Structures are given as structure tokens and as C-alpha cells.
Amino acid sequence: MTTTPSTTILYVEDEPDIRMIAAMALETLGGFRVESCASGAEAIERAAKITPDVLLLDVMMPGLDGPGTLAALRKLPKLARTPAIFMTAKVQPQEIAGYKALGAIDVIPKPFDPMSLAAAVRAILARGDKEHDRER
Amino acid sequence: MSDESLLAQMEALRQRFVAQLPERLRQIESALAELEQGGEAVQRAHALMHSLAGSGATFGCADVGQIAREMEYALFPADGTDHSNDAAARARLPALLAALRAAVGDATNTSAAQARPTDRED
């Protein structure tokens, strides 16, 4: 997907400091608009009011985890095909394959470098575009 | 926000993260001491170690994050199994906890040294 200055990311992360530094990096270095949520439940509530272009989800969260949040968001017709990216420390090939089977287009490893996070998101979205074009 | 402003804010967040490390260490020590209780105590220990493992390197404390990850994987390996009741897994914890204490000490000392004004002799 082509990212523009108005590309909105719905970002879900339970760790306050991580949430803050990632949002700052995505907004300042990447030019994204970021809607930050502290939980899956908050993300579901927020998604009813906005239409994000990208879903960026931490995997391990108390309560509703990342995969559970994505499954709930996918039930909203407007988000049924929205690109989703998981953030997790579990990045073995079989684990990444598992996340893709759940509907993510890719995974960003944790811990992440704030200075390169926005570039990583852009690269994943661009790669997703190419794969989508090939499939058509 | 300019890049300079971003860097300044990131540094402020890093300093706050480092300042909170002793308390997070204390919480992990407390959670590990309660492992025998099982259930919520095990989940709490897992969450605390996982959180520190996932954030350490992001805030420039790679050693802290790496040791926290080793502690997490000792009890909860990446394959998703639960070894928190495993005596061999628990036997690894004291050494890892000592290493974590040292890494937290290093991180806080380094941060404090960076924050102190340089003594100058004019």
C-alpha cells in the first residue's frame, strides 16, 4: 500500500513507555497519524469511530492479546482487509508463519529500534503491495 | 516535531525507563518468590519478565532486556510450553536474577553518571 501523510495506524500496545516512543517515532520519522490504544478492548472501541489504514498490534497483552484483537477487528467490515502487522519477540519462521495465517502481512521483532520503526512499517506495506499485485 | 525534539523526548523516555528499572527488578524478585503459589503469580512473573525483555533494548538497555528474555524463556520457552514448575528451569533463576541485578545496576549507574555535570578545572 502506498503510504501518504494521512496514513493512519491503529496501534495497540499495553506498555506505556513503548507505546509512547513508538508513536513518536512513527509520527515524527514516518509521517504517519497514530491512534494509540493501551488494550485490545480500547482498540475495538476506537475502531468503531475511525477507519485506520494499518493495524499495528503487540502480540502479548493482558486480557485480549494481539491475535484476539485482530480477530475482533476483522469482524468490522471496514477492517476486514486492512493490512495488519504484529509486533513480537517470537519471530522464528514457524511463528511468523503462524501470525500470517492469522491474517498479518508481517511481523516486526521486539525489541525494536525506534529510529527505524517507521521505515520497517513502510517496507512491510510496500512489500505487501507487491505481493498483492503479483496475486492479481 | 523536529528530529532534535524527537531525540530529546526519546532521551527523556529512556531516562524514565532507567529510573524505573530498580522498581521493576523488585517486582520481578517478588513475583519469582511467589512462583510456588502458581496461577496468577506465575502469570504475573511471566508478564513482568516479558515486558522488560521486550523493552530493554528499545531504551538502550540491551543487557537488561537480554537477561530478562533468558529468564522468561527459562520458565516459558519460545515454543509456548510452561516450565514454571520445572525444578531444572527454576534452578537457573538465581544466577539469572543476579545477572539482572548487575545489569540494572550498570544501567542506572551509567545513566546517573551521564546526568551528572562534568567537573571542570578552569
# chains A, B, ... in the order shown; residues from 1 in each chain; ligands from 1

call {"tool": "closest_atom_pairs", "arguments": {"of": "chain B", "to": "chain A", "cutoff": "8 Å", "atoms": "only C-alpha atoms", "output": "Markdown table"}}
result
| residue | atom | partner | partner_atom | distance |
| --- | --- | --- | --- | --- |
| B:Met1 | CA | A:Thr28 | CA | 6.2 |
| B:Ser2 | CA | A:Thr28 | CA | 7.3 |
| B:Asp3 | CA | A:Thr28 | CA | 7.2 |
| B:Leu6 | CA | A:Thr28 | CA | 7.1 |
| B:Met10 | CA | A:Ile21 | CA | 6.5 |
| B:Leu13 | CA | A:Asp17 | CA | 6.9 |
| B:Phe17 | CA | A:Asp17 | CA | 7.4 |
| B:Ser51 | CA | A:Glu15 | CA | 7.4 |
| B:Ala53 | CA | A:Pro111 | CA | 7.5 |
| B:Gly54 | CA | A:Pro111 | CA | 4.8 |
| B:Ser55 | CA | A:Pro111 | CA | 5.7 |
| B:Gly56 | CA | A:Pro111 | CA | 7.2 |
| B:Ala57 | CA | A:Pro111 | CA | 5.8 |
| B:Thr58 | CA | A:Pro111 | CA | 5.6 |
| B:Ala78 | CA | A:Lys90 | CA | 6.7 |

call {"tool": "residues_around", "arguments": {"residues": "stretch 42-55 of chain A", "least_positions_apart": "2", "cutoff": "6 Å", "atoms": "only C-alpha atoms", "output": "list of chain:residue names"}}
result
A:Thr7, A:Thr8, A:Ile9, A:Leu10, A:Cys37, A:Ser39, A:Gly40, A:Thr82, A:Pro83, A:Ala84

call {"tool": "write_last_selection", "arguments": {"atoms": "C-alpha atoms", "output": "mmCIF file, in the first residue's frame"}}
result
data_model
loop_
_atom_site.group_PDB
_atom_site.id
_atom_site.type_symbol
_atom_site.label_atom_id
_atom_site.label_comp_id
_atom_site.auth_asym_id
_atom_site.auth_seq_id
_atom_site.Cartn_x
_atom_site.Cartn_y
_atom_site.Cartn_z
ATOM 1 C CA THR A 7 -1.958 7.193 6.538
ATOM 2 C CA THR A 8 -3.454 6.308 9.910
ATOM 3 C CA ILE A 9 -2.118 3.497 12.054
ATOM 4 C CA LEU A 10 -4.219 1.961 14.802
ATOM 5 C CA CYS A 37 -4.561 2.221 22.323
ATOM 6 C CA SER A 39 -5.536 -2.599 25.110
ATOM 7 C CA GLY A 40 -7.372 -4.716 22.597
ATOM 8 C CA THR A 82 -6.817 -3.678 6.397
ATOM 9 C CA PRO A 83 -3.099 -4.561 6.482
ATOM 10 C CA ALA A 84 -2.161 -5.868 9.928
#

call {"tool": "select_by_dssp", "arguments": {"residues": "chain A", "states": "helix (DSSP H, G or I)", "output": "ChimeraX atom specification"}}
result
/A:16-28,40-47,66-74,77-79,93-101,114-135

call {"tool": "write_last_selection", "arguments": {"atoms": "C-alpha atoms", "output": "PDB file, in the first residue's frame"}}
result
ATOM      1  CA  PRO A  16       3.018   2.872  28.204  1.00  0.00           C
ATOM      2  CA  ASP A  17       6.656   3.760  27.508  1.00  0.00           C
ATOM      3  CA  ILE A  18       6.849   1.529  24.452  1.00  0.00           C
ATOM      4  CA  ARG A  19       3.548   2.888  23.188  1.00  0.00           C
ATOM      5  CA  MET A  20       4.768   6.452  23.580  1.00  0.00           C
ATOM      6  CA  ILE A  21       8.170   6.023  21.961  1.00  0.00           C
ATOM      7  CA  ALA A  22       6.770   4.012  19.046  1.00  0.00           C
ATOM      8  CA  ALA A  23       4.010   6.540  18.388  1.00  0.00           C
ATOM      9  CA  MET A  24       6.505   9.405  18.482  1.00  0.00           C
ATOM     10  CA  ALA A  25       8.806   7.620  16.066  1.00  0.00           C
ATOM     11  CA  LEU A  26       6.009   6.683  13.668  1.00  0.00           C
ATOM     12  CA  GLU A  27       4.606  10.211  13.640  1.00  0.00           C
ATOM     13  CA  THR A  28       7.829  12.191  13.545  1.00  0.00           C
ATOM     14  CA  GLY A  40      -7.372  -4.716  22.597  1.00  0.00           C
ATOM     15  CA  ALA A  41     -10.676  -3.622  24.076  1.00  0.00           C
ATOM     16  CA  GLU A  42      -9.760   0.041  23.622  1.00  0.00           C
ATOM     17  CA  ALA A  43      -8.717  -0.639  20.020  1.00  0.00           C
ATOM     18  CA  ILE A  44     -12.058  -2.250  19.222  1.00  0.00           C
ATOM     19  CA  GLU A  45     -13.877   0.708  20.724  1.00  0.00           C
ATOM     20  CA  ARG A  46     -11.702   3.209  18.826  1.00  0.00           C
ATOM     21  CA  ALA A  47     -12.054   1.312  15.550  1.00  0.00           C
ATOM     22  CA  GLY A  66      -2.875  -9.251  19.656  1.00  0.00           C
ATOM     23  CA  PRO A  67      -4.325 -12.187  17.684  1.00  0.00           C
ATOM     24  CA  GLY A  68      -7.592 -11.938  19.606  1.00  0.00           C
ATOM     25  CA  THR A  69      -7.750  -8.197  18.944  1.00  0.00           C
ATOM     26  CA  LEU A  70      -7.117  -8.715  15.239  1.00  0.00           C
ATOM     27  CA  ALA A  71      -9.844 -11.350  15.050  1.00  0.00           C
ATOM     28  CA  ALA A  72     -12.283  -8.924  16.678  1.00  0.00           C
ATOM     29  CA  LEU A  73     -11.257  -6.036  14.408  1.00  0.00           C
ATOM     30  CA  ARG A  74     -11.632  -8.220  11.320  1.00  0.00           C
ATOM     31  CA  PRO A  77     -16.410  -4.993   7.516  1.00  0.00           C
ATOM     32  CA  LYS A  78     -14.345  -1.825   7.033  1.00  0.00           C
ATOM     33  CA  LEU A  79     -11.293  -3.531   8.575  1.00  0.00           C
ATOM     34  CA  PRO A  93       9.970 -18.809  10.891  1.00  0.00           C
ATOM     35  CA  GLN A  94       7.172 -21.106  12.081  1.00  0.00           C
ATOM     36  CA  GLU A  95       5.934 -18.398  14.473  1.00  0.00           C
ATOM     37  CA  ILE A  96       5.890 -15.777  11.710  1.00  0.00           C
ATOM     38  CA  ALA A  97       4.026 -18.246   9.500  1.00  0.00           C
ATOM     39  CA  GLY A  98       1.507 -18.677  12.320  1.00  0.00           C
ATOM     40  CA  TYR A  99       0.930 -14.938  12.584  1.00  0.00           C
ATOM     41  CA  LYS A 100       0.497 -14.669   8.817  1.00  0.00           C
ATOM     42  CA  ALA A 101      -2.031 -17.475   8.962  1.00  0.00           C
ATOM     43  CA  PRO A 114      12.639   3.466  17.426  1.00  0.00           C
ATOM     44  CA  MET A 115      14.743   5.174  14.771  1.00  0.00           C
ATOM     45  CA  SER A 116      13.989   2.518  12.164  1.00  0.00           C
ATOM     46  CA  LEU A 117      10.440   1.527  13.151  1.00  0.00           C
ATOM     47  CA  ALA A 118       8.685   3.774  10.628  1.00  0.00           C
ATOM     48  CA  ALA A 119      10.932   2.535   7.824  1.00  0.00           C
ATOM     49  CA  ALA A 120      10.162  -1.055   8.816  1.00  0.00           C
ATOM     50  CA  VAL A 121       6.410  -0.383   8.628  1.00  0.00           C
ATOM     51  CA  ARG A 122       6.786   1.318   5.236  1.00  0.00           C
ATOM     52  CA  ALA A 123       8.881  -1.562   3.895  1.00  0.00           C
ATOM     53  CA  ILE A 124       6.313  -4.124   5.018  1.00  0.00           C
ATOM     54  CA  LEU A 125       3.466  -2.169   3.455  1.00  0.00           C
ATOM     55  CA  ALA A 126       5.383  -1.755   0.195  1.00  0.00           C
ATOM     56  CA  ARG A 127       6.184  -5.474   0.151  1.00  0.00           C
ATOM     57  CA  GLY A 128       2.534  -6.225   0.802  1.00  0.00           C
ATOM     58  CA  ASP A 129       1.626  -4.137  -2.255  1.00  0.00           C
ATOM     59  CA  LYS A 130       3.981  -6.091  -4.472  1.00  0.00           C
ATOM     60  CA  GLU A 131       2.648  -9.425  -3.258  1.00  0.00           C
ATOM     61  CA  HIS A 132      -0.892  -8.189  -3.777  1.00  0.00           C
ATOM     62  CA  ASP A 133      -0.039  -7.091  -7.345  1.00  0.00           C
ATOM     63  CA  ARG A 134       1.513 -10.465  -8.101  1.00  0.00           C
ATOM     64  CA  GLU A 135      -1.597 -12.258  -6.902  1.00  0.00           C
TER      65      GLU A 135
END

call {"tool": "atom_distance", "arguments": {"atom1": "atom CA of A:Leu56", "atom2": "atom CA of B:Ala62"}}
result
23.4 Å

call {"tool": "closest_residue", "arguments": {"among": "B:Ala91, B:Gln15, B:Leu97, B:Val64", "to": "B:Ser30", "atoms": "only C-alpha atoms"}}
result
B:Leu97

call {"tool": "closest_residue", "arguments": {"among": "B:Asp86, B:Asp63, B:Glu29, B:Glu34", "to": "B:Leu48", "atoms": "only C-alpha atoms"}}
result
B:Glu29

call {"tool": "residues_around", "arguments": {"residues": "stretch 31-33 of chain B", "least_positions_apart": "5", "cutoff": "10 Å", "atoms": "only C-alpha atoms", "output": "PyMOL selection string"}}
result
chain B and resi 25-26+40-49+84+90+93-94+97

call {"tool": "residues_around", "arguments": {"residues": "B:Tyr73", "least_positions_apart": "6", "cutoff": "10 Å", "atoms": "only C-alpha atoms", "output": "mmCIF file with all heavy atoms, in the first residue's frame"}}
result
data_model
loop_
_atom_site.group_PDB
_atom_site.id
_atom_site.type_symbol
_atom_site.label_atom_id
_atom_site.label_comp_id
_atom_site.auth_asym_id
_atom_site.auth_seq_id
_atom_site.Cartn_x
_atom_site.Cartn_y
_atom_site.Cartn_z
ATOM 1 N N HIS B 46 5.576 -14.015 34.534
ATOM 2 C CA HIS B 46 5.768 -14.084 33.082
ATOM 3 C C HIS B 46 5.594 -12.706 32.447
ATOM 4 O O HIS B 46 6.422 -12.261 31.643
ATOM 5 C CB HIS B 46 4.777 -15.084 32.481
ATOM 6 C CG HIS B 46 5.053 -15.395 31.042
ATOM 7 N ND1 HIS B 46 4.210 -16.135 30.268
ATOM 8 C CD2 HIS B 46 6.085 -15.047 30.226
ATOM 9 C CE1 HIS B 46 4.711 -16.239 29.046
ATOM 10 N NE2 HIS B 46 5.842 -15.583 28.999
ATOM 11 N N MET B 49 8.574 -10.304 33.271
ATOM 12 C CA MET B 49 9.812 -10.630 32.538
ATOM 13 C C MET B 49 9.641 -10.340 31.061
ATOM 14 O O MET B 49 10.544 -9.805 30.409
ATOM 15 C CB MET B 49 10.167 -12.107 32.769
ATOM 16 C CG MET B 49 10.602 -12.392 34.197
ATOM 17 S SD MET B 49 11.144 -14.080 34.484
ATOM 18 C CE MET B 49 9.644 -15.012 34.276
ATOM 19 N N HIS B 50 8.487 -10.685 30.515
ATOM 20 C CA HIS B 50 8.224 -10.461 29.094
ATOM 21 C C HIS B 50 8.268 -8.961 28.767
ATOM 22 O O HIS B 50 8.846 -8.552 27.756
ATOM 23 C CB HIS B 50 6.863 -11.046 28.729
ATOM 24 C CG HIS B 50 6.495 -10.867 27.287
ATOM 25 N ND1 HIS B 50 6.957 -11.702 26.292
ATOM 26 C CD2 HIS B 50 5.737 -9.922 26.663
ATOM 27 C CE1 HIS B 50 6.490 -11.293 25.130
ATOM 28 N NE2 HIS B 50 5.754 -10.220 25.326
ATOM 29 N N ILE B 67 18.829 -10.401 29.439
ATOM 30 C CA ILE B 67 18.759 -11.268 30.631
ATOM 31 C C ILE B 67 17.299 -11.538 31.009
ATOM 32 O O ILE B 67 16.938 -12.665 31.366
ATOM 33 C CB ILE B 67 19.539 -10.636 31.805
ATOM 34 C CG1 ILE B 67 21.030 -10.550 31.456
ATOM 35 C CG2 ILE B 67 19.356 -11.464 33.083
ATOM 36 C CD1 ILE B 67 21.815 -9.590 32.337
ATOM 37 N N ASP B 79 8.610 -22.045 22.553
ATOM 38 C CA ASP B 79 7.655 -22.989 21.950
ATOM 39 C C ASP B 79 6.288 -22.965 22.648
ATOM 40 O O ASP B 79 5.380 -23.723 22.289
ATOM 41 C CB ASP B 79 8.223 -24.414 21.961
ATOM 42 C CG ASP B 79 8.459 -24.940 23.378
ATOM 43 O OD1 ASP B 79 8.046 -24.281 24.347
ATOM 44 O OD2 ASP B 79 9.070 -26.014 23.497
ATOM 45 N N GLY B 80 6.152 -22.081 23.642
ATOM 46 C CA GLY B 80 4.851 -21.917 24.277
ATOM 47 C C GLY B 80 4.600 -22.851 25.454
ATOM 48 O O GLY B 80 3.539 -22.783 26.075
ATOM 49 N N THR B 81 5.553 -23.701 25.771
ATOM 50 C CA THR B 81 5.356 -24.607 26.906
ATOM 51 C C THR B 81 5.597 -23.860 28.220
ATOM 52 O O THR B 81 6.240 -22.811 28.249
ATOM 53 C CB THR B 81 6.311 -25.821 26.817
ATOM 54 O OG1 THR B 81 7.657 -25.339 26.670
ATOM 55 C CG2 THR B 81 5.953 -26.699 25.627
ATOM 56 N N ASP B 82 5.093 -24.418 29.304
ATOM 57 C CA ASP B 82 5.215 -23.799 30.622
ATOM 58 C C ASP B 82 6.147 -24.660 31.479
ATOM 59 O O ASP B 82 5.805 -25.783 31.828
ATOM 60 C CB ASP B 82 3.820 -23.705 31.253
ATOM 61 C CG ASP B 82 3.854 -23.046 32.638
ATOM 62 O OD1 ASP B 82 4.956 -22.839 33.186
ATOM 63 O OD2 ASP B 82 2.769 -22.750 33.168
ATOM 64 N N HIS B 83 7.307 -24.109 31.780
ATOM 65 C CA HIS B 83 8.288 -24.832 32.601
ATOM 66 C C HIS B 83 8.376 -24.228 34.004
ATOM 67 O O HIS B 83 9.366 -24.446 34.699
ATOM 68 C CB HIS B 83 9.675 -24.811 31.942
ATOM 69 C CG HIS B 83 9.741 -25.651 30.709
ATOM 70 N ND1 HIS B 83 10.925 -26.100 30.166
ATOM 71 C CD2 HIS B 83 8.779 -26.132 29.902
ATOM 72 C CE1 HIS B 83 10.676 -26.803 29.074
ATOM 73 N NE2 HIS B 83 9.381 -26.829 28.891
ATOM 74 N N SER B 84 7.388 -23.463 34.379
ATOM 75 C CA SER B 84 7.483 -22.751 35.647
ATOM 76 C C SER B 84 7.483 -23.696 36.853
ATOM 77 O O SER B 84 7.887 -23.308 37.944
ATOM 78 C CB SER B 84 6.356 -21.719 35.779
ATOM 79 O OG SER B 84 5.095 -22.347 35.742
ATOM 80 N N ALA B 89 14.470 -25.761 35.485
ATOM 81 C CA ALA B 89 14.271 -24.391 34.976
ATOM 82 C C ALA B 89 14.400 -23.394 36.120
ATOM 83 O O ALA B 89 15.061 -22.358 35.990
ATOM 84 C CB ALA B 89 12.901 -24.274 34.318
#

call {"tool": "closest_residue", "arguments": {"among": "B:Thr108, B:Gln114, B:Asn85, B:Gln9", "to": "B:Pro22", "atoms": "only C-alpha atoms"}}
result
B:Thr108

call {"tool": "select_by_dssp", "arguments": {"residues": "chain A", "states": "strand (DSSP E)", "output": "ChimeraX atom specification"}}
result
/A:8-12,33-37,54-58,84-88,106-109

call {"tool": "write_last_selection", "arguments": {"atoms": "N, CA, C and O atoms", "output": "tab-separated table (two decimals), in the first residue's frame"}}
result
chain	number	residue	atom	x	y	z
A	8	THR	N	-3.17	6.44	8.47
A	8	THR	CA	-3.45	6.31	9.91
A	8	THR	C	-3.19	4.89	10.38
A	8	THR	O	-3.67	3.92	9.79
A	9	ILE	N	-2.42	4.79	11.45
A	9	ILE	CA	-2.12	3.50	12.05
A	9	ILE	C	-2.89	3.37	13.36
A	9	ILE	O	-2.82	4.25	14.22
A	10	LEU	N	-3.62	2.29	13.50
A	10	LEU	CA	-4.22	1.96	14.80
A	10	LEU	C	-3.21	1.07	15.52
A	10	LEU	O	-2.95	-0.06	15.09
A	11	TYR	N	-2.63	1.61	16.57
A	11	TYR	CA	-1.50	0.94	17.24
A	11	TYR	C	-1.93	0.50	18.64
A	11	TYR	O	-2.42	1.31	19.43
A	12	VAL	N	-1.73	-0.77	18.93
A	12	VAL	CA	-2.17	-1.32	20.22
A	12	VAL	C	-0.96	-1.90	20.96
A	12	VAL	O	-0.28	-2.81	20.46
A	33	ARG	N	-0.12	9.15	10.92
A	33	ARG	CA	-1.01	9.54	12.02
A	33	ARG	C	-1.20	8.28	12.85
A	33	ARG	O	-1.47	7.21	12.30
A	34	VAL	N	-1.03	8.41	14.15
A	34	VAL	CA	-1.09	7.22	15.00
A	34	VAL	C	-2.21	7.36	16.02
A	34	VAL	O	-2.30	8.36	16.74
A	35	GLU	N	-3.06	6.38	16.05
A	35	GLU	CA	-4.11	6.28	17.07
A	35	GLU	C	-3.65	5.19	18.03
A	35	GLU	O	-3.68	4.00	17.70
A	36	SER	N	-3.17	5.59	19.20
A	36	SER	CA	-2.60	4.63	20.15
A	36	SER	C	-3.67	4.13	21.12
A	36	SER	O	-4.45	4.91	21.64
A	37	CYS	N	-3.63	2.83	21.37
A	37	CYS	CA	-4.56	2.22	22.32
A	37	CYS	C	-3.77	1.34	23.29
A	37	CYS	O	-2.80	0.69	22.90
A	54	VAL	N	-3.86	1.02	8.63
A	54	VAL	CA	-2.95	-0.05	9.05
A	54	VAL	C	-3.24	-0.41	10.50
A	54	VAL	O	-3.55	0.47	11.31
A	55	LEU	N	-3.15	-1.70	10.81
A	55	LEU	CA	-3.28	-2.16	12.20
A	55	LEU	C	-1.91	-2.64	12.66
A	55	LEU	O	-1.30	-3.47	12.00
A	56	LEU	N	-1.45	-2.09	13.77
A	56	LEU	CA	-0.14	-2.48	14.32
A	56	LEU	C	-0.38	-2.95	15.75
A	56	LEU	O	-0.77	-2.18	16.62
A	57	LEU	N	-0.14	-4.25	15.98
A	57	LEU	CA	-0.58	-4.86	17.24
A	57	LEU	C	0.53	-5.59	17.96
A	57	LEU	O	1.21	-6.45	17.37
A	58	ASP	N	0.68	-5.26	19.24
A	58	ASP	CA	1.53	-6.08	20.10
A	58	ASP	C	0.85	-7.44	20.25
A	58	ASP	O	-0.37	-7.54	20.21
A	84	ALA	N	-2.44	-5.72	8.49
A	84	ALA	CA	-2.16	-5.87	9.93
A	84	ALA	C	-0.73	-6.35	10.12
A	84	ALA	O	-0.25	-7.22	9.39
A	85	ILE	N	-0.06	-5.76	11.10
A	85	ILE	CA	1.32	-6.11	11.42
A	85	ILE	C	1.38	-6.42	12.91
A	85	ILE	O	0.88	-5.63	13.73
A	86	PHE	N	2.00	-7.54	13.25
A	86	PHE	CA	2.19	-7.86	14.67
A	86	PHE	C	3.58	-7.43	15.12
A	86	PHE	O	4.53	-7.43	14.33
A	87	MET	N	3.69	-7.06	16.39
A	87	MET	CA	5.00	-6.78	16.99
A	87	MET	C	5.20	-7.81	18.10
A	87	MET	O	4.37	-7.93	19.01
A	88	THR	N	6.30	-8.54	18.00
A	88	THR	CA	6.52	-9.63	18.95
A	88	THR	C	7.99	-10.04	18.99
A	88	THR	O	8.73	-9.79	18.05
A	106	ASP	N	2.89	-9.19	8.07
A	106	ASP	CA	4.28	-9.44	8.51
A	106	ASP	C	4.40	-9.16	10.00
A	106	ASP	O	3.41	-8.80	10.66
A	107	VAL	N	5.62	-9.30	10.49
A	107	VAL	CA	5.90	-9.16	11.92
A	107	VAL	C	7.10	-8.24	12.10
A	107	VAL	O	8.07	-8.34	11.35
A	108	ILE	N	7.02	-7.34	13.06
A	108	ILE	CA	8.18	-6.51	13.44
A	108	ILE	C	8.71	-7.07	14.76
A	108	ILE	O	7.96	-7.17	15.74
A	109	PRO	N	10.00	-7.44	14.77
A	109	PRO	CA	10.55	-8.05	16.00
A	109	PRO	C	10.65	-7.04	17.14
A	109	PRO	O	10.93	-5.87	16.93

call {"tool": "decode", "arguments": {"residues": "stretch 35-122 of chain B", "atoms": "C-alpha atoms", "output": "mmCIF file, in the first residue's frame"}}
result
data_model
loop_
_atom_site.group_PDB
_atom_site.id
_atom_site.type_symbol
_atom_site.label_atom_id
_atom_site.label_comp_id
_atom_site.auth_asym_id
_atom_site.auth_seq_id
_atom_site.Cartn_x
_atom_site.Cartn_y
_atom_site.Cartn_z
ATOM 1 C CA LEU B 35 6.101 -18.756 41.969
ATOM 2 C CA GLU B 36 5.203 -21.635 44.286
ATOM 3 C CA GLN B 37 1.688 -20.241 44.538
ATOM 4 C CA GLY B 38 1.138 -20.942 40.833
ATOM 5 C CA GLY B 39 -1.801 -19.459 38.908
ATOM 6 C CA GLU B 40 -1.822 -15.679 38.925
ATOM 7 C CA ALA B 41 1.640 -15.474 40.496
ATOM 8 C CA VAL B 42 3.106 -17.388 37.556
ATOM 9 C CA GLN B 43 1.247 -15.205 35.059
ATOM 10 C CA ARG B 44 2.463 -12.086 36.849
ATOM 11 C CA ALA B 45 6.086 -13.253 36.768
ATOM 12 C CA HIS B 46 5.768 -14.084 33.082
ATOM 13 C CA ALA B 47 4.231 -10.696 32.251
ATOM 14 C CA LEU B 48 6.918 -8.779 34.161
ATOM 15 C CA MET B 49 9.812 -10.630 32.538
ATOM 16 C CA HIS B 50 8.224 -10.461 29.094
ATOM 17 C CA SER B 51 7.638 -6.737 29.405
ATOM 18 C CA LEU B 52 11.214 -5.994 30.421
ATOM 19 C CA ALA B 53 12.570 -8.314 27.734
ATOM 20 C CA GLY B 54 10.552 -6.537 25.067
ATOM 21 C CA SER B 55 11.501 -3.031 26.085
ATOM 22 C CA GLY B 56 15.100 -3.118 27.370
ATOM 23 C CA ALA B 57 16.927 -2.762 24.076
ATOM 24 C CA THR B 58 14.431 -0.197 22.767
ATOM 25 C CA PHE B 59 15.557 2.081 25.610
ATOM 26 C CA GLY B 60 19.253 1.371 25.230
ATOM 27 C CA CYS B 61 19.429 -1.290 27.956
ATOM 28 C CA ALA B 62 20.189 -4.294 25.780
ATOM 29 C CA ASP B 63 21.765 -6.353 28.593
ATOM 30 C CA VAL B 64 18.759 -5.866 30.850
ATOM 31 C CA GLY B 65 16.432 -6.922 28.053
ATOM 32 C CA GLN B 66 18.540 -9.917 27.079
ATOM 33 C CA ILE B 67 18.759 -11.268 30.631
ATOM 34 C CA ALA B 68 15.045 -10.717 31.175
ATOM 35 C CA ARG B 69 14.432 -12.677 27.967
ATOM 36 C CA GLU B 70 16.640 -15.526 29.224
ATOM 37 C CA MET B 71 14.664 -15.578 32.465
ATOM 38 C CA GLU B 72 11.373 -15.583 30.585
ATOM 39 C CA TYR B 73 12.461 -18.388 28.276
ATOM 40 C CA ALA B 74 13.838 -20.424 31.181
ATOM 41 C CA LEU B 75 10.286 -20.695 32.540
ATOM 42 C CA PHE B 76 8.286 -20.118 29.363
ATOM 43 C CA PRO B 77 10.266 -21.220 26.302
ATOM 44 C CA ALA B 78 9.503 -19.791 22.873
ATOM 45 C CA ASP B 79 7.655 -22.989 21.950
ATOM 46 C CA GLY B 80 4.851 -21.917 24.277
ATOM 47 C CA THR B 81 5.356 -24.607 26.906
ATOM 48 C CA ASP B 82 5.215 -23.799 30.622
ATOM 49 C CA HIS B 83 8.288 -24.832 32.601
ATOM 50 C CA SER B 84 7.483 -22.751 35.647
ATOM 51 C CA ASN B 85 7.084 -25.908 37.735
ATOM 52 C CA ASP B 86 10.225 -27.480 36.360
ATOM 53 C CA ALA B 87 12.953 -27.746 39.037
ATOM 54 C CA ALA B 88 15.763 -27.538 36.475
ATOM 55 C CA ALA B 89 14.271 -24.391 34.976
ATOM 56 C CA ARG B 90 13.842 -22.785 38.396
ATOM 57 C CA ALA B 91 17.412 -23.709 39.317
ATOM 58 C CA ARG B 92 18.606 -21.362 36.576
ATOM 59 C CA LEU B 93 16.808 -18.376 38.068
ATOM 60 C CA PRO B 94 19.138 -17.324 40.926
ATOM 61 C CA ALA B 95 22.099 -16.858 38.571
ATOM 62 C CA LEU B 96 19.951 -15.045 36.023
ATOM 63 C CA LEU B 97 18.460 -12.838 38.729
ATOM 64 C CA ALA B 98 21.957 -11.947 39.948
ATOM 65 C CA ALA B 99 22.917 -11.063 36.376
ATOM 66 C CA LEU B 100 19.777 -8.940 36.043
ATOM 67 C CA ARG B 101 20.594 -7.091 39.276
ATOM 68 C CA ALA B 102 24.073 -6.346 37.945
ATOM 69 C CA ALA B 103 22.739 -5.185 34.579
ATOM 70 C CA VAL B 104 20.170 -2.927 36.248
ATOM 71 C CA GLY B 105 22.926 -1.533 38.474
ATOM 72 C CA ASP B 106 25.108 -0.838 35.445
ATOM 73 C CA ALA B 107 22.265 0.854 33.583
ATOM 74 C CA THR B 108 21.301 3.095 36.477
ATOM 75 C CA ASN B 109 24.916 3.970 37.308
ATOM 76 C CA THR B 110 25.675 4.821 33.697
ATOM 77 C CA SER B 111 22.576 6.954 33.442
ATOM 78 C CA ALA B 112 23.405 8.751 36.678
ATOM 79 C CA ALA B 113 26.959 9.406 35.509
ATOM 80 C CA GLN B 114 25.653 10.843 32.239
ATOM 81 C CA ALA B 115 23.247 13.102 34.113
ATOM 82 C CA ARG B 116 25.937 14.482 36.458
ATOM 83 C CA PRO B 117 27.558 17.732 35.333
ATOM 84 C CA THR B 118 31.185 17.301 34.365
ATOM 85 C CA ASP B 119 33.688 18.567 36.943
ATOM 86 C CA ARG B 120 35.862 21.132 35.303
ATOM 87 C CA GLU B 121 39.061 22.806 36.426
ATOM 88 C CA ASP B 122 39.408 26.146 34.689
#
